[in-house]
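Okay, coords38.cif now, which holds mmCIF, C-alpha atoms:
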```cif
data_upload
loop_
_atom_site.group_PDB
_atom_site.id
_atom_site.type_symbol
_atom_site.label_atom_id
_atom_site.label_comp_id
_atom_site.auth_asym_id
_atom_site.auth_seq_id
_atom_site.Cartn_x
_atom_site.Cartn_y
_atom_site.Cartn_z
ATOM 1 C CA MET A 498 64.611 81.290 114.307
ATOM 2 C CA LYS A 499 67.955 81.485 116.101
ATOM 3 C CA ARG A 500 68.669 77.838 115.300
ATOM 4 C CA SER A 501 68.207 78.564 111.574
ATOM 5 C CA PHE A 502 70.734 81.410 111.720
ATOM 6 C CA SER A 503 73.246 79.126 113.387
ATOM 7 C CA HIS A 504 72.701 76.608 110.627
ATOM 8 C CA LEU A 505 73.192 79.275 107.937
ATOM 9 C CA LEU A 506 76.491 80.177 109.535
ATOM 10 C CA GLY A 507 77.353 76.491 109.735
ATOM 11 C CA VAL A 508 76.703 76.032 106.016
ATOM 12 C CA GLY A 509 78.946 79.016 105.250
ATOM 13 C CA THR A 510 81.723 77.672 107.424
ATOM 14 C CA LEU A 511 81.292 74.126 106.094
ATOM 15 C CA THR A 512 81.504 75.409 102.549
ATOM 16 C CA ALA A 513 84.719 77.231 103.357
ATOM 17 C CA TRP A 514 86.267 73.922 104.360
ATOM 18 C CA LEU A 515 84.673 71.807 101.652
ATOM 19 C CA ALA A 516 85.413 73.812 98.481
ATOM 20 C CA LEU A 517 85.660 72.744 94.835
ATOM 21 C CA PRO A 518 87.518 73.354 91.581
ATOM 22 C CA ALA A 519 87.446 76.964 90.444
ATOM 23 C CA LEU A 520 84.948 77.929 87.779
ATOM 24 C CA GLY A 521 85.581 80.132 84.755
ATOM 25 C CA ALA A 522 86.356 83.828 85.177
ATOM 26 C CA GLU A 523 82.951 85.160 84.186
ATOM 27 C CA PRO A 524 81.631 87.934 86.442
ATOM 28 C CA ALA A 525 79.290 86.974 89.263
ATOM 29 C CA THR A 526 76.043 88.672 88.198
ATOM 30 C CA ALA A 527 74.210 87.479 91.295
ATOM 31 C CA GLN A 528 76.723 89.077 93.654
ATOM 32 C CA ILE A 529 75.041 91.752 95.759
ATOM 33 C CA ASP A 530 77.007 94.515 97.441
ATOM 34 C CA PHE A 531 75.714 94.763 101.001
ATOM 35 C CA GLY A 532 78.297 97.445 101.766
ATOM 36 C CA ALA A 533 80.732 97.489 104.667
ATOM 37 C CA PHE A 534 79.745 96.743 108.240
ATOM 38 C CA ALA A 535 81.251 97.558 111.598
ATOM 39 C CA PRO A 536 80.559 95.910 114.942
ATOM 40 C CA SER A 537 77.887 97.485 117.108
ATOM 41 C CA ALA A 538 79.233 100.164 119.460
ATOM 42 C CA SER A 539 77.712 98.252 122.366
ATOM 43 C CA GLY A 540 79.564 95.056 121.422
ATOM 44 C CA GLY A 541 77.690 91.871 120.734
ATOM 45 C CA GLU A 542 77.930 89.429 117.880
ATOM 46 C CA PHE A 543 79.680 90.418 114.662
ATOM 47 C CA VAL A 544 80.377 87.820 111.981
ATOM 48 C CA GLU A 545 81.760 88.411 108.526
ATOM 49 C CA VAL A 546 82.299 85.435 106.205
ATOM 50 C CA HIS A 547 83.469 86.076 102.646
ATOM 51 C CA ILE A 548 84.456 82.917 100.767
ATOM 52 C CA ARG A 549 85.569 83.037 97.142
ATOM 53 C CA ARG A 550 85.990 80.391 94.440
ATOM 54 C CA ASN A 551 89.447 79.123 95.361
ATOM 55 C CA LEU A 552 88.440 78.115 98.913
ATOM 56 C CA ILE A 553 85.113 76.780 97.680
ATOM 57 C CA ALA A 554 86.962 74.584 95.158
ATOM 58 C CA MET A 555 89.191 73.195 97.888
ATOM 59 C CA ALA A 556 86.205 72.459 100.118
ATOM 60 C CA ALA A 557 84.376 70.528 97.382
ATOM 61 C CA ARG A 558 87.354 68.264 96.864
ATOM 62 C CA LEU A 559 87.566 67.589 100.596
ATOM 63 C CA ALA A 560 83.841 66.833 100.872
ATOM 64 C CA GLU A 561 83.552 64.614 97.824
ATOM 65 C CA LYS A 562 83.835 61.206 99.531
ATOM 66 C CA ALA A 563 82.075 61.918 102.832
ATOM 67 C CA GLU A 564 79.334 64.279 101.592
ATOM 68 C CA PRO A 565 78.827 63.848 97.820
ATOM 69 C CA ASP A 566 75.572 65.876 97.828
ATOM 70 C CA VAL A 567 77.298 68.760 99.572
ATOM 71 C CA ALA A 568 80.314 68.500 97.256
ATOM 72 C CA GLU A 569 78.095 68.535 94.167
ATOM 73 C CA LEU A 570 76.258 71.622 95.398
ATOM 74 C CA ILE A 571 79.316 73.631 96.336
ATOM 75 C CA ARG A 572 81.113 72.672 93.131
ATOM 76 C CA GLY A 573 78.862 75.190 91.376
ATOM 77 C CA LEU A 574 79.453 78.041 93.841
ATOM 78 C CA GLN A 575 81.462 81.173 93.169
ATOM 79 C CA LEU A 576 80.929 83.206 96.329
ATOM 80 C CA ILE A 577 79.446 82.948 99.818
ATOM 81 C CA ARG A 578 79.001 86.036 101.950
ATOM 82 C CA VAL A 579 77.444 86.024 105.419
ATOM 83 C CA ASN A 580 77.152 89.026 107.739
ATOM 84 C CA VAL A 581 75.691 88.930 111.246
ATOM 85 C CA ILE A 582 75.505 92.251 113.071
ATOM 86 C CA SER A 583 74.230 92.711 116.619
ATOM 87 C CA LEU A 584 71.641 95.437 116.879
ATOM 88 C CA ASP A 585 71.385 98.186 119.450
ATOM 89 C CA ASP A 586 69.562 101.528 119.691
ATOM 90 C CA LYS A 587 72.286 103.241 117.640
ATOM 91 C CA ASN A 588 72.398 100.949 114.598
ATOM 92 C CA ARG A 589 68.951 99.309 114.404
ATOM 93 C CA ALA A 590 67.250 101.979 112.257
ATOM 94 C CA GLU A 591 70.244 102.150 109.890
ATOM 95 C CA MET A 592 70.270 98.338 109.470
ATOM 96 C CA GLU A 593 66.518 98.206 108.878
ATOM 97 C CA GLN A 594 66.890 100.909 106.214
ATOM 98 C CA ARG A 595 69.851 99.137 104.603
ATOM 99 C CA ILE A 596 67.932 95.856 104.402
ATOM 100 C CA LYS A 597 64.904 97.670 102.964
ATOM 101 C CA SER A 598 67.194 99.253 100.347
ATOM 102 C CA ILE A 599 68.804 95.902 99.465
ATOM 103 C CA ARG A 600 65.371 94.295 99.059
ATOM 104 C CA GLY A 601 64.282 97.187 96.810
ATOM 105 C CA GLN A 602 67.448 96.739 94.723
ATOM 106 C CA LEU A 603 66.715 93.014 94.365
ATOM 107 C CA ASP A 604 63.126 93.720 93.266
ATOM 108 C CA VAL A 605 64.307 96.232 90.627
ATOM 109 C CA GLN A 606 66.961 93.821 89.325
ATOM 110 C CA GLY A 607 64.377 91.084 88.744
ATOM 111 C CA TRP A 608 65.173 88.784 91.654
ATOM 112 C CA GLU A 609 62.251 86.580 92.689
ATOM 113 C CA ARG A 610 61.125 86.949 96.277
ATOM 114 C CA ILE A 611 60.298 83.423 97.412
ATOM 115 C CA VAL A 612 59.921 83.931 101.163
ATOM 116 C CA THR A 613 58.589 86.864 103.119
ATOM 117 C CA ALA A 614 58.006 86.087 106.774
ATOM 118 C CA GLN A 615 57.113 88.610 109.424
ATOM 119 C CA LYS A 616 56.301 87.648 112.982
ATOM 120 C CA GLN A 617 56.270 90.148 115.824
ATOM 121 C CA ASP A 618 59.624 91.895 115.431
ATOM 122 C CA GLU A 619 61.226 89.325 113.099
ATOM 123 C CA ASP A 620 61.441 89.990 109.365
ATOM 124 C CA VAL A 621 62.847 87.510 106.820
ATOM 125 C CA GLY A 622 63.188 87.842 103.060
ATOM 126 C CA VAL A 623 64.618 85.205 100.714
ATOM 127 C CA TYR A 624 65.297 86.023 97.053
ATOM 128 C CA LEU A 625 66.444 83.964 94.062
ATOM 129 C CA LYS A 626 68.048 84.966 90.798
ATOM 130 C CA THR A 627 67.279 82.237 88.304
ATOM 131 C CA ARG A 628 68.453 81.224 84.852
ATOM 132 C CA GLY A 629 65.325 79.979 83.160
ATOM 133 C CA ASP A 630 63.730 77.086 84.979
ATOM 134 C CA GLU A 631 66.861 74.978 85.221
ATOM 135 C CA ALA A 632 69.239 76.693 87.655
ATOM 136 C CA ILE A 633 69.561 79.260 90.392
ATOM 137 C CA GLU A 634 72.369 81.795 89.931
ATOM 138 C CA GLY A 635 72.085 83.411 93.333
ATOM 139 C CA VAL A 636 70.370 83.398 96.708
ATOM 140 C CA VAL A 637 70.014 86.361 99.058
ATOM 141 C CA VAL A 638 68.649 86.050 102.586
ATOM 142 C CA THR A 639 67.956 89.167 104.666
ATOM 143 C CA VAL A 640 66.837 88.970 108.284
ATOM 144 C CA ILE A 641 66.091 91.358 111.109
ATOM 145 C CA GLU A 642 65.739 89.290 114.267
ATOM 146 C CA GLY A 643 63.989 91.623 116.668
ATOM 147 C CA SER A 644 66.350 93.899 118.499
ATOM 148 C CA LYS A 645 69.019 91.164 118.535
ATOM 149 C CA GLN A 646 70.691 90.984 115.134
ATOM 150 C CA ALA A 647 70.598 91.498 111.389
ATOM 151 C CA VAL A 648 71.706 88.708 109.057
ATOM 152 C CA LEU A 649 72.567 89.032 105.375
ATOM 153 C CA VAL A 650 73.550 86.085 103.177
ATOM 154 C CA ASN A 651 74.521 86.066 99.479
ATOM 155 C CA ILE A 652 75.338 82.796 97.716
ATOM 156 C CA VAL A 653 76.424 83.031 94.068
ATOM 157 C CA GLY A 654 76.846 80.187 91.592
ATOM 158 C CA GLN A 655 75.029 77.690 89.435
ATOM 159 C CA LEU A 656 72.719 75.838 91.797
ATOM 160 C CA LYS A 657 70.051 73.231 91.219
ATOM 161 C CA PRO A 658 66.995 73.786 93.461
ATOM 162 C CA GLU A 659 66.833 70.150 94.515
ATOM 163 C CA LYS A 660 70.450 70.296 95.698
ATOM 164 C CA LEU A 661 69.731 73.378 97.816
ATOM 165 C CA ALA A 662 66.835 71.472 99.333
ATOM 166 C CA VAL A 663 69.185 68.609 100.228
ATOM 167 C CA ILE A 664 71.430 71.070 102.076
ATOM 168 C CA GLY A 665 68.359 72.619 103.725
ATOM 169 C CA GLU A 666 67.296 69.194 104.958
ATOM 170 C CA ARG A 667 70.768 68.202 106.116
ATOM 171 C CA PHE A 668 71.355 71.453 108.063
ATOM 172 C CA ASP A 669 67.697 72.173 109.000
ATOM 173 C CA ILE A 670 67.513 75.498 107.117
ATOM 174 C CA GLU A 671 63.780 76.031 106.553
ATOM 175 C CA PRO A 672 63.915 78.464 103.590
ATOM 176 C CA LEU A 673 66.274 76.155 101.675
ATOM 177 C CA LYS A 674 64.130 73.080 102.372
ATOM 178 C CA LYS A 675 61.326 74.696 100.372
ATOM 179 C CA LEU A 676 63.372 75.314 97.204
ATOM 180 C CA GLY A 677 62.859 71.865 95.734
ATOM 181 C CA PRO A 678 62.149 68.263 96.575
ATOM 182 C CA ALA A 679 65.030 66.913 98.620
ATOM 183 C CA SER A 680 66.648 63.795 97.235
ATOM 184 C CA LYS A 681 65.343 61.243 99.690
ATOM 185 C CA SER A 682 64.564 57.621 99.237
ATOM 186 C CA PRO A 683 60.832 57.000 99.474
ATOM 187 C CA GLU A 684 59.538 55.996 102.868
ATOM 188 C CA PRO A 685 58.418 52.367 103.110
ATOM 189 C CA LYS A 686 54.681 51.865 103.189
#
```

Serialized structure, C-alpha cells:
Amino acid sequence: MKRSFSHLLGVGTLTAWLALPALGAEPATAQIDFGAFAPSASGGEFVEVHIRRNLIAMAARLAEKAEPDVAELIRGLQLIRVNVISLDDKNRAEMEQRIKSIRGQLDVQGWERIVTAQKQDEDVGVYLKTRGDEAIEGVVVTVIEGSKQAVLVNIVGQLKPEKLAVIGERFDIEPLKKLGPASKSPEPK
C-alpha cells in the first residue's frame, strides 16, 4: 500500500513538471474542497500539492517527446491536489470523520464509487465523476492507512479511462490500472 501512495505522489509531482496548454476558463465541476490541513502536532509527514492549469500546461509541453502518453493525459487536466497527513492520537478521529464526510458528499453529488478496499486498519475509496461513457471529469482517492497517514487526491479534467490506465501501469498505481485497458501491444504467442 505504501508503494502505491509514493507512486500517487510521484504522478502529482511528475504532472507538475510535465504540464500542458491551458484549457478554457470553464469552472472545474469535479473539484472537491477537502478543506485546509495542518501538520500533525507530533510531526511526521505532511505533503500538500496543488497544481493548476498553467503548470500542467507547461508540463505537458515538456513531456510531449519523451512521454507522449503522459503528455496526452495531462493535456486534459485542470487541477491536481494531493494531501498526505501523518496521523496521531490527536488528529486520527478528525481525519476519519473528514474522509467519511467527503465520501458522503461524493455519493450525494453523483460520483461513482469504483473502488472500496478495507483491510485491517486500511481504508481506500476511489470515486469517478464521468461525462457519459466517453470521459472522466474527475477522480478522487481517499485513504486512511492505519495509524500512519491519511491521503486525499483530487484530479480534475477531461480524461479518457484508457489513458488513466496507461499512467496506472507506468507508475504501478493499482486503482488507476483498473480504469480501462492499458494501451499495450499484444504479447506474442

Point to revise | Which residue of A:Ile571, A:Ser644, A:Ala563, A:Ala533 approaches Arg595 of chain A most closely, using all atoms listed in the file | key: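 For Arg595 of chain A, the nearest of the candidates is A:Ala533.
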
What lies within 6 Å of segment 629-640 of chain A using only C-alpha atoms, ignoring chain neighbours under 4 positions off, as a PyMOL selection string?
-> chain A and resi 527+620-625+647-657

- Task: Could you jot down the atom CA of Asn580 of chain A to atom CA of Leu559 of chain A separation for me, Å, one decimal place?
- Result: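 A separation of 24.9 Å between them.
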
Could you work out how far atom CA of Thr627 of chain A lies from atom CA of Arg550 of chain A, giving the answer in Å with one decimal?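 Distance reported for this atom pair: 19.8 Å.
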
Nearest to Arg558 of chain A, restricted to all atoms listed in the file and choosing among A:Gly601, A:Arg572, A:Glu659, A:Val546, comes out as A:Arg572

Would you mind reading off the distance between atom CA of Thr526 of chain A and atom CA of Ala614 of chain A, one decimal, in Å?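 Straight-line distance from atom CA of Thr526 of chain A to atom CA of Ala614 of chain A works out to 26.0 Å.
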
Go through A:Glu561, A:Glu569, A:Glu545, A:Glu593 and flag the residue nearest Asp618 of chain A, using only C-alpha atoms for the distances.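 Nearest candidate to Asp618 of chain A out of A:Glu561, A:Glu569, A:Glu545, A:Glu593: A:Glu593.
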
Report task. Tell me which residues the PyMOL selection byres ((chain A and resi 584) around 10) grabs here, as an MDAnalysis selection string. Result -> chainID A and resid 536:543 581:583 585:593 641:647

Determine the residue membership of the PyMOL selection byres ((chain A and resi 608) around 7) for the file above and supply it as a PyMOL selection string. chain A and resi 603-604+606-607+609-610+624-626

Include C-alpha atoms and write out the residues we just selected as a compact mmCIF listing (two decimals), in the frame of the given file.
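Full text of part.txt as output:
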```
# COMPACT_ATOMS: atom_id res chain seq x y z
CA LEU A 603 66.72 93.01 94.36
CA ASP A 604 63.13 93.72 93.27
CA GLN A 606 66.96 93.82 89.32
CA GLY A 607 64.38 91.08 88.74
CA GLU A 609 62.25 86.58 92.69
CA ARG A 610 61.12 86.95 96.28
CA TYR A 624 65.30 86.02 97.05
CA LEU A 625 66.44 83.96 94.06
CA LYS A 626 68.05 84.97 90.80
```

Using only C-alpha atoms, the shortest atom-to-atom distance to Glu666 of chain A among A:Ala556, A:Val567, A:Val544, A:Ile529 belongs to A:Val567

Just checking: using all atoms listed in the file, which residue out of A:Gln528, A:Gln602, A:Phe534, A:Thr613 ends up closest to Leu576 of chain A?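 Using all atoms listed in the file, Leu576 of chain A sits closest to A:Gln528.
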
Using the atoms already present, construct all heavy atoms for segment 558-569 of chain A and hand them back as a PDB file, in the coordinates of the input.
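The result, written out as out.pdb:
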```
ATOM      1  N   ARG A 558      86.490  69.438  96.981  1.00  0.00           N
ATOM      2  CA  ARG A 558      87.354  68.264  96.864  1.00  0.00           C
ATOM      3  C   ARG A 558      87.431  67.512  98.184  1.00  0.00           C
ATOM      4  O   ARG A 558      87.439  66.289  98.215  1.00  0.00           O
ATOM      5  CB  ARG A 558      88.746  68.676  96.387  1.00  0.00           C
ATOM      6  CG  ARG A 558      88.774  69.022  94.903  1.00  0.00           C
ATOM      7  CD  ARG A 558      90.177  69.167  94.378  1.00  0.00           C
ATOM      8  NE  ARG A 558      90.971  70.140  95.100  1.00  0.00           N
ATOM      9  CZ  ARG A 558      91.052  71.438  94.824  1.00  0.00           C
ATOM     10  NH1 ARG A 558      90.329  71.932  93.840  1.00  0.00           N
ATOM     11  NH2 ARG A 558      91.833  72.231  95.526  1.00  0.00           N
ATOM     12  N   LEU A 559      87.493  68.231  99.288  1.00  0.00           N
ATOM     13  CA  LEU A 559      87.566  67.589 100.596  1.00  0.00           C
ATOM     14  C   LEU A 559      86.270  66.872 100.956  1.00  0.00           C
ATOM     15  O   LEU A 559      86.286  65.856 101.642  1.00  0.00           O
ATOM     16  CB  LEU A 559      87.906  68.619 101.675  1.00  0.00           C
ATOM     17  CG  LEU A 559      89.305  69.226 101.592  1.00  0.00           C
ATOM     18  CD1 LEU A 559      89.437  70.377 102.580  1.00  0.00           C
ATOM     19  CD2 LEU A 559      90.360  68.163 101.848  1.00  0.00           C
ATOM     20  N   ALA A 560      85.146  67.394 100.506  1.00  0.00           N
ATOM     21  CA  ALA A 560      83.841  66.833 100.872  1.00  0.00           C
ATOM     22  C   ALA A 560      83.393  65.695  99.976  1.00  0.00           C
ATOM     23  O   ALA A 560      82.448  64.982 100.308  1.00  0.00           O
ATOM     24  CB  ALA A 560      82.789  67.933 100.834  1.00  0.00           C
ATOM     25  N   GLU A 561      84.048  65.522  98.852  1.00  0.00           N
ATOM     26  CA  GLU A 561      83.552  64.614  97.824  1.00  0.00           C
ATOM     27  C   GLU A 561      83.221  63.206  98.318  1.00  0.00           C
ATOM     28  O   GLU A 561      82.165  62.678  98.014  1.00  0.00           O
ATOM     29  CB  GLU A 561      84.551  64.539  96.677  1.00  0.00           C
ATOM     30  CG  GLU A 561      83.945  64.032  95.417  1.00  0.00           C
ATOM     31  CD  GLU A 561      84.560  64.692  94.214  1.00  0.00           C
ATOM     32  OE1 GLU A 561      85.730  65.110  94.289  1.00  0.00           O
ATOM     33  OE2 GLU A 561      83.849  64.776  93.212  1.00  0.00           O
ATOM     34  N   LYS A 562      84.083  62.588  99.092  1.00  0.00           N
ATOM     35  CA  LYS A 562      83.835  61.206  99.531  1.00  0.00           C
ATOM     36  C   LYS A 562      82.823  61.134 100.664  1.00  0.00           C
ATOM     37  O   LYS A 562      81.924  60.301 100.641  1.00  0.00           O
ATOM     38  CB  LYS A 562      85.136  60.536  99.953  1.00  0.00           C
ATOM     39  CG  LYS A 562      86.020  60.206  98.785  1.00  0.00           C
ATOM     40  CD  LYS A 562      87.245  59.438  99.197  1.00  0.00           C
ATOM     41  CE  LYS A 562      88.095  59.166  97.968  1.00  0.00           C
ATOM     42  NZ  LYS A 562      89.317  58.455  98.296  1.00  0.00           N
ATOM     43  N   ALA A 563      82.946  61.999 101.657  1.00  0.00           N
ATOM     44  CA  ALA A 563      82.075  61.918 102.832  1.00  0.00           C
ATOM     45  C   ALA A 563      80.693  62.506 102.589  1.00  0.00           C
ATOM     46  O   ALA A 563      79.707  62.007 103.123  1.00  0.00           O
ATOM     47  CB  ALA A 563      82.738  62.622 104.018  1.00  0.00           C
ATOM     48  N   GLU A 564      80.606  63.574 101.821  1.00  0.00           N
ATOM     49  CA  GLU A 564      79.334  64.279 101.592  1.00  0.00           C
ATOM     50  C   GLU A 564      79.180  64.589 100.108  1.00  0.00           C
ATOM     51  O   GLU A 564      79.277  65.751  99.694  1.00  0.00           O
ATOM     52  CB  GLU A 564      79.303  65.584 102.405  1.00  0.00           C
ATOM     53  CG  GLU A 564      79.334  65.413 103.895  1.00  0.00           C
ATOM     54  CD  GLU A 564      78.004  64.964 104.468  1.00  0.00           C
ATOM     55  OE1 GLU A 564      76.979  65.035 103.755  1.00  0.00           O
ATOM     56  OE2 GLU A 564      77.990  64.531 105.623  1.00  0.00           O
ATOM     57  N   PRO A 565      78.895  63.592  99.265  1.00  0.00           N
ATOM     58  CA  PRO A 565      78.827  63.848  97.820  1.00  0.00           C
ATOM     59  C   PRO A 565      77.757  64.867  97.431  1.00  0.00           C
ATOM     60  O   PRO A 565      77.960  65.636  96.498  1.00  0.00           O
ATOM     61  CB  PRO A 565      78.554  62.474  97.207  1.00  0.00           C
ATOM     62  CG  PRO A 565      78.160  61.589  98.332  1.00  0.00           C
ATOM     63  CD  PRO A 565      78.671  62.189  99.597  1.00  0.00           C
ATOM     64  N   ASP A 566      76.610  64.885  98.141  1.00  0.00           N
ATOM     65  CA  ASP A 566      75.572  65.876  97.828  1.00  0.00           C
ATOM     66  C   ASP A 566      76.059  67.289  98.104  1.00  0.00           C
ATOM     67  O   ASP A 566      75.818  68.201  97.327  1.00  0.00           O
ATOM     68  CB  ASP A 566      74.297  65.622  98.645  1.00  0.00           C
ATOM     69  CG  ASP A 566      73.537  64.400  98.163  1.00  0.00           C
ATOM     70  OD1 ASP A 566      73.707  64.010  96.993  1.00  0.00           O
ATOM     71  OD2 ASP A 566      72.768  63.848  98.968  1.00  0.00           O
ATOM     72  N   VAL A 567      76.752  67.452  99.216  1.00  0.00           N
ATOM     73  CA  VAL A 567      77.298  68.760  99.572  1.00  0.00           C
ATOM     74  C   VAL A 567      78.369  69.150  98.555  1.00  0.00           C
ATOM     75  O   VAL A 567      78.390  70.275  98.057  1.00  0.00           O
ATOM     76  CB  VAL A 567      77.875  68.762 101.010  1.00  0.00           C
ATOM     77  CG1 VAL A 567      78.595  70.061 101.306  1.00  0.00           C
ATOM     78  CG2 VAL A 567      76.763  68.520 102.020  1.00  0.00           C
ATOM     79  N   ALA A 568      79.241  68.214  98.221  1.00  0.00           N
ATOM     80  CA  ALA A 568      80.314  68.500  97.256  1.00  0.00           C
ATOM     81  C   ALA A 568      79.741  68.901  95.910  1.00  0.00           C
ATOM     82  O   ALA A 568      80.216  69.855  95.285  1.00  0.00           O
ATOM     83  CB  ALA A 568      81.226  67.285  97.110  1.00  0.00           C
ATOM     84  N   GLU A 569      78.708  68.205  95.453  1.00  0.00           N
ATOM     85  CA  GLU A 569      78.095  68.535  94.167  1.00  0.00           C
ATOM     86  C   GLU A 569      77.489  69.935  94.191  1.00  0.00           C
ATOM     87  O   GLU A 569      77.611  70.688  93.233  1.00  0.00           O
ATOM     88  CB  GLU A 569      77.024  67.509  93.808  1.00  0.00           C
ATOM     89  CG  GLU A 569      76.435  67.736  92.428  1.00  0.00           C
ATOM     90  CD  GLU A 569      75.402  66.697  92.056  1.00  0.00           C
ATOM     91  OE1 GLU A 569      75.326  65.634  92.703  1.00  0.00           O
ATOM     92  OE2 GLU A 569      74.659  66.955  91.096  1.00  0.00           O
TER      93      GLU A 569
END
```
